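Undergrad: My file is protein_27.txt. It has compact mmCIF, C-alpha atoms:
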# COMPACT_ATOMS: atom_id res chain seq x y z
CA MET C 1 132.30 44.90 80.30
CA ASP C 2 133.76 44.34 76.82
CA LEU C 3 137.36 45.54 76.85
CA THR C 4 137.07 46.26 73.12
CA LEU C 5 134.64 49.07 73.94
CA LEU C 6 137.03 50.54 76.49
CA ARG C 7 139.97 50.32 74.10
CA SER C 8 137.90 51.99 71.37
CA PHE C 9 136.87 54.80 73.71
CA LEU C 10 140.47 55.37 74.79
CA ALA C 11 141.55 55.54 71.16
CA VAL C 12 139.01 58.30 70.50
CA ALA C 13 139.95 60.11 73.71
CA GLU C 14 143.63 60.09 72.75
CA SER C 15 143.06 61.03 69.09
CA GLY C 16 140.41 63.66 69.74
CA ALA C 17 138.45 62.49 66.69
CA ILE C 18 136.56 59.38 65.68
CA THR C 19 138.03 59.45 62.17
CA GLY C 20 141.63 59.47 63.39
CA ALA C 21 140.93 56.84 66.04
CA ALA C 22 139.25 54.57 63.46
CA GLU C 23 142.32 54.72 61.22
CA ARG C 24 144.59 54.08 64.19
CA ILE C 25 142.88 50.88 65.36
CA GLY C 26 141.94 49.66 61.89
CA VAL C 27 138.12 49.80 61.89
CA THR C 28 135.58 51.83 59.94
CA GLN C 29 134.33 55.13 61.30
CA SER C 30 130.78 53.80 61.55
CA ALA C 31 131.93 50.68 63.46
CA LEU C 32 133.85 52.80 65.93
CA SER C 33 130.89 55.12 66.40
CA ARG C 34 128.68 52.14 67.20
CA ARG C 35 131.17 50.97 69.84
CA ILE C 36 131.16 54.37 71.53
CA GLN C 37 127.37 54.39 71.49
CA GLN C 38 127.28 50.90 73.05
CA LEU C 39 129.60 52.02 75.84
CA GLU C 40 127.54 55.14 76.50
CA GLN C 41 124.36 53.05 76.59
CA HIS C 42 125.97 50.58 78.95
CA LEU C 43 127.06 53.35 81.35
CA GLY C 44 123.94 55.43 80.81
CA VAL C 45 125.84 58.66 80.22
CA ALA C 46 127.37 60.67 77.39
CA LEU C 47 131.15 60.38 77.19
CA LEU C 48 131.88 62.50 74.12
CA VAL C 49 130.68 65.80 72.68
CA ARG C 50 130.88 65.50 68.89
CA GLY C 51 131.54 68.57 66.78
CA ARG C 52 133.03 69.70 63.49
CA LYS C 53 136.49 69.86 65.07
CA GLY C 54 136.34 66.34 66.47
CA ALA C 55 135.16 64.66 69.66
CA ALA C 56 135.77 66.18 73.08
CA LEU C 57 135.41 64.39 76.38
CA THR C 58 132.64 65.28 78.77
CA GLU C 59 133.53 65.69 82.44
CA ILE C 60 132.35 62.14 83.13
CA GLY C 61 134.18 61.09 79.99
CA ARG C 62 137.43 62.26 81.59
CA LEU C 63 136.69 60.18 84.70
CA VAL C 64 135.90 57.15 82.56
CA GLN C 65 139.12 57.66 80.59
CA SER C 66 141.19 57.54 83.79
CA GLU C 67 139.42 54.43 85.08
CA ALA C 68 139.53 52.72 81.68
CA GLN C 69 143.30 53.24 81.49
CA GLY C 70 143.65 51.57 84.89
CA ILE C 71 141.39 48.66 83.91
CA ILE C 72 143.31 48.04 80.68
CA ALA C 73 146.64 48.27 82.48
CA ARG C 74 145.53 45.78 85.14
CA TYR C 75 144.20 43.45 82.46
CA GLU C 76 147.49 43.55 80.59
CA GLN C 77 149.34 42.95 83.84
CA MET C 78 147.14 39.91 84.50
CA ARG C 79 147.75 38.58 80.98
CA GLU C 80 151.51 38.95 81.43
CA MET C 81 151.36 37.21 84.81
CA VAL C 82 149.45 34.27 83.31
CA SER C 83 151.78 34.15 80.33
CA SER C 84 154.87 34.17 82.53
CA GLN C 85 153.53 31.25 84.55
CA GLN C 86 152.77 29.33 81.39
CA ARG C 87 156.36 29.96 80.30
CA LEU C 88 157.47 28.80 83.78
CA GLU C 89 159.01 32.21 84.44
CA GLY C 90 157.05 32.45 87.67
CA GLY C 91 154.55 30.61 89.83
CA THR C 92 154.57 28.61 93.04
CA VAL C 93 154.48 24.85 93.57
CA ARG C 94 152.65 23.95 96.79
CA ILE C 95 153.71 20.44 97.74
CA GLY C 96 153.90 18.29 100.85
CA GLY C 97 155.29 14.95 101.87
CA GLY C 98 156.59 12.80 104.67
CA ALA C 99 160.08 12.79 106.14
CA THR C 100 161.61 10.67 103.36
CA ALA C 101 160.10 12.74 100.57
CA VAL C 102 161.00 16.10 102.09
CA SER C 103 164.53 15.08 103.10
CA PHE C 104 165.68 12.78 100.31
CA ILE C 105 163.39 12.80 97.24
CA LEU C 106 162.10 16.33 96.72
CA PRO C 107 165.38 18.28 97.25
CA GLU C 108 167.07 16.69 94.21
CA ALA C 109 164.00 17.15 92.04
CA ILE C 110 163.52 20.76 93.14
CA ALA C 111 167.19 21.60 92.53
CA ALA C 112 167.00 20.16 89.01
CA PHE C 113 163.74 21.96 88.28
CA GLN C 114 164.88 25.34 89.61
CA GLY C 115 168.07 25.00 87.61
CA ALA C 116 165.90 25.22 84.50
CA HIS C 117 163.21 27.51 85.96
CA PRO C 118 164.85 29.68 88.64
CA HIS C 119 161.86 31.97 89.15
CA VAL C 120 159.46 29.23 90.23
CA ARG C 121 159.04 29.16 94.01
CA PHE C 122 158.24 26.19 96.24
CA GLN C 123 156.15 26.00 99.39
CA MET C 124 156.70 22.68 101.18
CA ARG C 125 155.02 21.06 104.13
CA GLU C 126 156.30 18.01 106.01
CA ALA C 127 153.62 15.85 107.62
CA GLY C 128 152.25 12.33 107.67
CA SER C 129 150.67 10.86 104.56
CA SER C 130 147.12 11.17 105.84
CA GLU C 131 147.60 14.87 106.69
CA ILE C 132 149.14 15.56 103.29
CA ALA C 133 146.27 13.77 101.54
CA ASP C 134 143.75 15.86 103.50
CA ASP C 135 145.56 19.06 102.54
CA VAL C 136 145.55 18.11 98.86
CA VAL C 137 141.83 17.31 98.92
CA ALA C 138 141.14 20.62 100.71
CA GLY C 139 143.19 22.56 98.16
CA HIS C 140 145.82 23.74 100.64
CA LEU C 141 148.44 21.83 98.60
CA GLU C 142 148.47 21.07 94.88
CA LEU C 143 150.71 18.02 95.16
CA GLY C 144 151.69 15.46 97.76
CA VAL C 145 154.17 12.60 97.98
CA VAL C 146 152.63 9.93 100.20
CA THR C 147 152.91 6.30 101.21
CA LEU C 148 150.42 3.96 99.54
CA PRO C 149 147.70 2.91 99.91
CA VAL C 150 145.65 6.10 99.68
CA ARG C 151 141.96 5.39 99.97
CA ASP C 152 140.52 8.84 99.34
CA ARG C 153 138.47 8.71 96.16
CA GLU C 154 138.97 12.43 95.61
CA LEU C 155 142.64 11.94 94.70
CA ASP C 156 144.48 11.07 91.53
CA VAL C 157 147.38 8.75 92.42
CA THR C 158 150.51 8.29 90.30
CA PRO C 159 153.08 5.69 91.47
CA LEU C 160 156.47 7.27 92.09
CA ALA C 161 158.98 4.86 93.62
CA THR C 162 159.53 1.81 95.83
CA ASP C 163 161.33 2.67 99.05
CA ARG C 164 163.36 0.00 100.87
CA ILE C 165 163.26 0.19 104.67
CA VAL C 166 166.40 -1.04 106.44
CA LEU C 167 167.49 -1.72 110.01
CA VAL C 168 170.18 0.74 111.13
CA ALA C 169 172.56 0.63 114.08
CA ARG C 170 175.61 2.44 115.34
CA HIS C 171 178.73 0.83 113.94
CA ASP C 172 179.74 -0.54 117.37
CA HIS C 173 176.34 -2.08 118.17
CA ALA C 174 176.44 -5.82 118.87
CA LEU C 175 174.15 -6.63 115.93
CA ALA C 176 176.30 -4.59 113.56
CA GLN C 177 179.23 -6.87 114.43
CA ARG C 178 177.43 -10.08 113.50
CA ARG C 179 177.74 -11.84 110.17
CA ARG C 180 174.17 -13.03 110.40
CA VAL C 181 171.24 -11.30 112.08
CA ARG C 182 167.92 -13.11 112.42
CA ILE C 183 164.52 -11.53 112.91
CA GLN C 184 164.33 -13.07 116.39
CA ASP C 185 167.50 -11.17 117.35
CA LEU C 186 165.46 -7.94 117.26
CA ALA C 187 163.18 -8.99 120.11
CA ASP C 188 163.42 -6.68 123.11
CA GLN C 189 166.07 -4.49 121.44
CA ALA C 190 165.64 -0.76 122.14
CA PHE C 191 164.30 1.07 119.08
CA VAL C 192 163.84 4.65 118.00
CA ALA C 193 160.69 4.61 115.85
CA PHE C 194 158.60 6.86 113.67
CA GLU C 195 155.56 8.43 115.28
CA ALA C 196 152.72 6.07 116.07
CA GLY C 197 149.93 6.33 113.54
CA SER C 198 152.20 7.26 110.64
CA ALA C 199 151.92 5.22 107.44
CA LEU C 200 155.52 4.01 107.61
CA ARG C 201 155.24 3.01 111.27
CA HIS C 202 152.15 0.98 110.39
CA ILE C 203 154.05 -0.89 107.65
CA ILE C 204 157.06 -1.60 109.87
CA ASP C 205 154.97 -2.77 112.83
CA GLY C 206 152.92 -4.98 110.54
CA LYS C 207 156.01 -6.73 109.12
CA LEU C 208 157.47 -7.33 112.59
CA ARG C 209 154.12 -8.56 113.88
CA ASP C 210 153.86 -11.00 110.99
CA ALA C 211 157.32 -12.30 111.92
CA GLY C 212 156.24 -12.76 115.54
CA VAL C 213 158.68 -10.16 116.87
CA GLU C 214 157.91 -7.42 119.38
CA VAL C 215 160.49 -4.68 119.76
CA ASN C 216 160.93 -2.20 122.57
CA VAL C 217 160.19 1.31 121.28
CA VAL C 218 161.86 3.77 123.64
CA MET C 219 161.41 6.91 121.56
CA GLU C 220 159.26 8.21 118.70
CA LEU C 221 160.37 10.86 116.22
CA ARG C 222 159.16 12.18 112.86
CA SER C 223 162.36 13.24 111.10
CA ILE C 224 164.77 10.71 109.57
CA PRO C 225 167.83 12.89 110.33
CA ALA C 226 166.65 13.13 113.95
CA ILE C 227 166.20 9.36 114.17
CA LEU C 228 169.65 8.71 112.71
CA ARG C 229 171.20 11.21 115.10
CA MET C 230 169.50 9.48 118.01
CA VAL C 231 170.76 6.08 116.81
CA SER C 232 174.26 7.53 116.64
CA THR C 233 174.18 9.08 120.11
CA THR C 234 172.17 6.50 122.11
CA GLY C 235 173.16 3.28 120.39
CA ASN C 236 169.50 2.29 119.89
CA LEU C 237 168.25 0.65 116.70
CA ALA C 238 165.83 2.01 114.12
CA PHE C 239 164.15 1.25 110.82
CA VAL C 240 164.51 4.01 108.23
CA SER C 241 164.42 4.53 104.49
CA GLN C 242 167.53 3.29 102.72
CA LEU C 243 167.63 6.71 101.04
CA GLY C 244 168.56 8.21 104.40
CA MET C 245 171.72 6.16 104.72
CA GLU C 246 173.77 8.30 102.34
CA GLN C 247 176.69 10.15 103.93
CA GLN C 248 176.31 8.39 107.29
CA ASN C 249 179.60 7.84 109.09
CA ASP C 250 178.90 5.95 112.32
CA VAL C 251 175.47 4.50 111.47
CA VAL C 252 175.30 1.41 109.26
CA ALA C 253 172.58 -0.67 107.64
CA VAL C 254 172.23 -4.15 109.17
CA PRO C 255 170.77 -6.87 106.89
CA VAL C 256 168.22 -9.08 108.64
CA GLN C 257 167.65 -12.56 107.27
CA GLY C 258 164.10 -13.20 106.15
CA LEU C 259 162.98 -9.60 106.65
CA ARG C 260 162.23 -7.36 103.70
CA ILE C 261 160.29 -4.15 104.29
CA GLU C 262 159.26 -1.97 101.38
CA ARG C 263 156.69 0.70 100.79
CA ARG C 264 155.38 2.34 97.65
CA LEU C 265 155.42 6.09 97.29
CA ALA C 266 153.10 8.02 95.00
CA VAL C 267 152.37 11.54 93.83
CA ILE C 268 148.83 12.69 94.59
CA ALA C 269 146.71 15.56 93.29
CA ARG C 270 143.08 16.42 93.75
CA ARG C 271 140.93 14.55 91.25
CA GLY C 272 139.66 16.80 88.48
CA ALA C 273 141.88 19.71 89.49
CA VAL C 274 143.78 21.62 86.82
CA LEU C 275 147.34 21.93 88.07
CA SER C 276 149.18 25.19 87.70
CA PRO C 277 151.75 25.12 84.86
CA ALA C 278 154.59 25.02 87.41
CA ALA C 279 153.05 22.14 89.39
CA ALA C 280 152.31 20.15 86.23
CA ALA C 281 155.84 20.61 84.90
CA PHE C 282 157.38 19.75 88.27
CA THR C 283 155.33 16.55 88.48
CA THR C 284 156.72 15.48 85.12
CA ARG C 285 160.29 16.25 86.26
CA LEU C 286 159.79 14.43 89.58
CA LEU C 287 158.47 11.29 87.90
CA SER C 288 161.28 11.30 85.35
CA LEU C 289 163.96 11.41 88.05
CA GLN C 290 162.55 8.30 89.75
CA HIS C 291 162.50 6.13 86.63
Spit out the file's structure as structure tokens when you get a sec.
TA:
Amino acid sequence: MDLTLLRSFLAVAESGAITGAAERIGVTQSALSRRIQQLEQHLGVALLVRGRKGAALTEIGRLVQSEAQGIIARYEQMREMVSSQQRLEGGTVRIGGGATAVSFILPEAIAAFQGAHPHVRFQMREAGSSEIADDVVAGHLELGVVTLPVRDRELDVTPLATDRIVLVARHDHALAQRRRVRIQDLADQAFVAFEAGSALRHIIDGKLRDAGVEVNVVMELRSIPAILRMVSTTGNLAFVSQLGMEQQNDVVAVPVQGLRIERRLAVIARRGAVLSPAAAAFTTRLLSLQH
């Protein structure tokens, strides 16, 4: 239904006369009369009783007045909600990522963004890259931060950062005491690893396999903080993102000659989707912080 017709009817109902209502909303008397007639034709009922003293509401006209006021109020509320999100005074960013993204990349970006837009909320999910990609395609998430490559053709992919993966050990581990550590020195060492099937685990295993080294994985975990804690308490080795090494006291990075492991991270969104204003603005902020 045309809201102009409802607004015109409410103006007449409040003024009690078509002439006064026409002056109030800035249209001619004949134009306003036509609008009222169109609304009555649309509803199939008379809304006004016209007389020499003005226009009085019929009983159904009073019911329509009450409902029309509610419709207009809800419409204005919707407009304000949309406007506030466009001004980034509200809205929710639904984003997911792996352990590195959730623990070490997104927190800084979210803190910076909410400093400028404190009323924007965030819903985050931590999962493997393939799960995050599936959620973005399905519309459960607007954005994801994943490890490349992503083969789903339904995704738009924007490169974000290159993440260096380093060997870590407790400070008193034998390898941490050496001046030179070779790839072969990793053979048969006890390792805490990321979950099998994860994108990062695939990259790490591939690099070690190419070097002809097989390590002894004694435990699998998803969280980088959990892996580092396990390295600290058990003395086992692990490969983690270099980003996770900040503020570590008894766990150190151990350079390995001839071994360089990197992965590329990217921001993904569903192809053809129109991001919410908050998600679009956050994507811009996230990309700017990584360059």
Undergrad: Hey, which of C:Glu154, C:Ser8, C:Ala21, C:Ala55 ends up closest to C:Arg34? Count all atoms listed in the file.
TA: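 Smallest separation from C:Arg34 among the options: C:Ser8.
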Undergrad: Just to confirm, what's the straight-line distance from atom CA of C:Glu142 to atom CA of C:Thr92 in Å (one decimal)?
TA: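 Separation of atom CA of C:Glu142 and atom CA of C:Thr92: 9.9 Å.
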Undergrad: Which of these, C:Leu160, C:Leu3, C:Leu155, C:Ala278, has the shortest distance to C:Ile71 once you count all atoms listed in the file?
TA: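 Using all atoms listed in the file, C:Ile71 sits closest to C:Leu3.
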Undergrad: Give as a list in words every residue, naming chains and numbers as the document does, that has an atom within 12 Å of (170.8, 7.9, 119.6), counting all atoms listed in the file.
TA: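 Checking each residue against the 12 Å limit leaves Val168, Ala169, Arg170, His173, Ala190, Phe191, Val192, Ala193, Val218, Met219, Glu220, Leu221, Pro225, Ala226, Ile227, Leu228, Arg229, Met230, Val231, Ser232, Thr233, Thr234, Gly235, Asn236, Leu237, Ala238, Asp250 and Val251 of chain C.
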Undergrad: Kindly export the residues of the current selection with C-alpha atoms, as a PDB file, in the frame of the given file.
TA:
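The file below, selection.pdb, is the result:
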ATOM      1  CA  VAL C 168     170.180   0.740 111.130  1.00  0.00           C
ATOM      2  CA  ALA C 169     172.560   0.630 114.080  1.00  0.00           C
ATOM      3  CA  ARG C 170     175.610   2.440 115.340  1.00  0.00           C
ATOM      4  CA  HIS C 173     176.340  -2.080 118.170  1.00  0.00           C
ATOM      5  CA  ALA C 190     165.640  -0.760 122.140  1.00  0.00           C
ATOM      6  CA  PHE C 191     164.300   1.070 119.080  1.00  0.00           C
ATOM      7  CA  VAL C 192     163.840   4.650 118.000  1.00  0.00           C
ATOM      8  CA  ALA C 193     160.690   4.610 115.850  1.00  0.00           C
ATOM      9  CA  VAL C 218     161.860   3.770 123.640  1.00  0.00           C
ATOM     10  CA  MET C 219     161.410   6.910 121.560  1.00  0.00           C
ATOM     11  CA  GLU C 220     159.260   8.210 118.700  1.00  0.00           C
ATOM     12  CA  LEU C 221     160.370  10.860 116.220  1.00  0.00           C
ATOM     13  CA  PRO C 225     167.830  12.890 110.330  1.00  0.00           C
ATOM     14  CA  ALA C 226     166.650  13.130 113.950  1.00  0.00           C
ATOM     15  CA  ILE C 227     166.200   9.360 114.170  1.00  0.00           C
ATOM     16  CA  LEU C 228     169.650   8.710 112.710  1.00  0.00           C
ATOM     17  CA  ARG C 229     171.200  11.210 115.100  1.00  0.00           C
ATOM     18  CA  MET C 230     169.500   9.480 118.010  1.00  0.00           C
ATOM     19  CA  VAL C 231     170.760   6.080 116.810  1.00  0.00           C
ATOM     20  CA  SER C 232     174.260   7.530 116.640  1.00  0.00           C
ATOM     21  CA  THR C 233     174.180   9.080 120.110  1.00  0.00           C
ATOM     22  CA  THR C 234     172.170   6.500 122.110  1.00  0.00           C
ATOM     23  CA  GLY C 235     173.160   3.280 120.390  1.00  0.00           C
ATOM     24  CA  ASN C 236     169.500   2.290 119.890  1.00  0.00           C
ATOM     25  CA  LEU C 237     168.250   0.650 116.700  1.00  0.00           C
ATOM     26  CA  ALA C 238     165.830   2.010 114.120  1.00  0.00           C
ATOM     27  CA  ASP C 250     178.900   5.950 112.320  1.00  0.00           C
ATOM     28  CA  VAL C 251     175.470   4.500 111.470  1.00  0.00           C
TER      29      VAL C 251
END
Undergrad: Determine the nearest neighbour of C:Val181 from the options C:Ser30, C:Ala253, C:Ala46, C:Ala111, counting all atoms listed in the file.
TA: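 The answer is C:Ala253, which sits nearest to C:Val181.
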Undergrad: Report, in Å to a single decimal, how far apart atom CA of C:Leu39 and atom CA of C:Glu59 are.
TA: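 Separating atom CA of C:Glu59 from atom CA of C:Leu39 is a distance of 15.7 Å.
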Undergrad: Hey, can you check how far atom CA of C:Ser83 sits from atom CA of C:Ala116?
TA: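 Rounded to one decimal, the two atoms are 17.2 Å apart.
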Undergrad: Tell me which of C:Arg182, C:Ile18, C:Val49, C:Leu6 sits closest to C:Gly70, counting all atoms listed in the file.
TA: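 Looking at the shortest contact to C:Gly70, the residue is C:Leu6.
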Undergrad: How would you write as a list in words the residues that get within 12 Å of (149.5, 22.0, 85.5) in the file's frame, counting only C-alpha atoms?
TA: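 Returned residue set, sorted by chain then number, is Gln85, Gln86, Arg87, Leu88, Gly91, Thr92, Val93, Arg94, Glu142, Leu143, Ala269, Arg270, Gly272, Ala273, Val274, Leu275, Ser276, Pro277, Ala278, Ala279, Ala280, Ala281, Phe282, Thr283 and Thr284 of chain C.
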Undergrad: Quick one: everything within 12 Å of C:Arg24, counting all atoms listed in the file, minus sequence neighbours fewer than 2 positions away in the same chain. Send it as JSON, numbers by chain.
TA: {"C": [7, 8, 10, 11, 12, 14, 15, 16, 17, 18, 19, 20, 21, 22, 26, 27, 28, 29, 32]}
Undergrad: For C:Val256, list every protein, DNA or RNA residue within 10 Å, evaluated using only C-alpha atoms, and leave out those in the same chain fewer than 6 positions away; present the list as a list in words.
TA: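 Answer for this query is Val166, Leu167, Leu175, Arg180, Val181, Arg182, Ile183, Gln184, Asp185 and Leu186 of chain C.
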Undergrad: Between C:Met81, C:Leu5, C:Ala199, C:Ile224, single out the one closest to C:Ser130, counting only C-alpha atoms.
TA: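 Checking each candidate against C:Ser130, we get C:Ala199 as the closest.
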Undergrad: With distances taken over only C-alpha atoms, which residue among C:Ser66, C:Gln177, C:Ser288, C:Gln114 lies nearest C:Ala161?
TA: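 Checking each candidate against C:Ala161, we get C:Ser288 as the closest.
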Undergrad: Find the residues around stretch 260-268 of chain C up to 9 Å (only C-alpha atoms counted), leave out those fewer than 5 positions away in its own chain, and share them as number ranges by chain.
TA: C: 101, 133, 136, 142-150, 155-166, 200, 203-204, 207, 241, 283, 287
Undergrad: Let me have the centre and edge lengths of the axis-aligned box enclosing all listed atoms of stretch 226-236 of chain C with 5 Å padding on every side, in Å to one decimal, as AutoDock Vina command-line options.
TA:
--center_x 170.2 --center_y 7.7 --center_z 117.4 --size_x 18.1 --size_y 20.8 --size_z 19.4
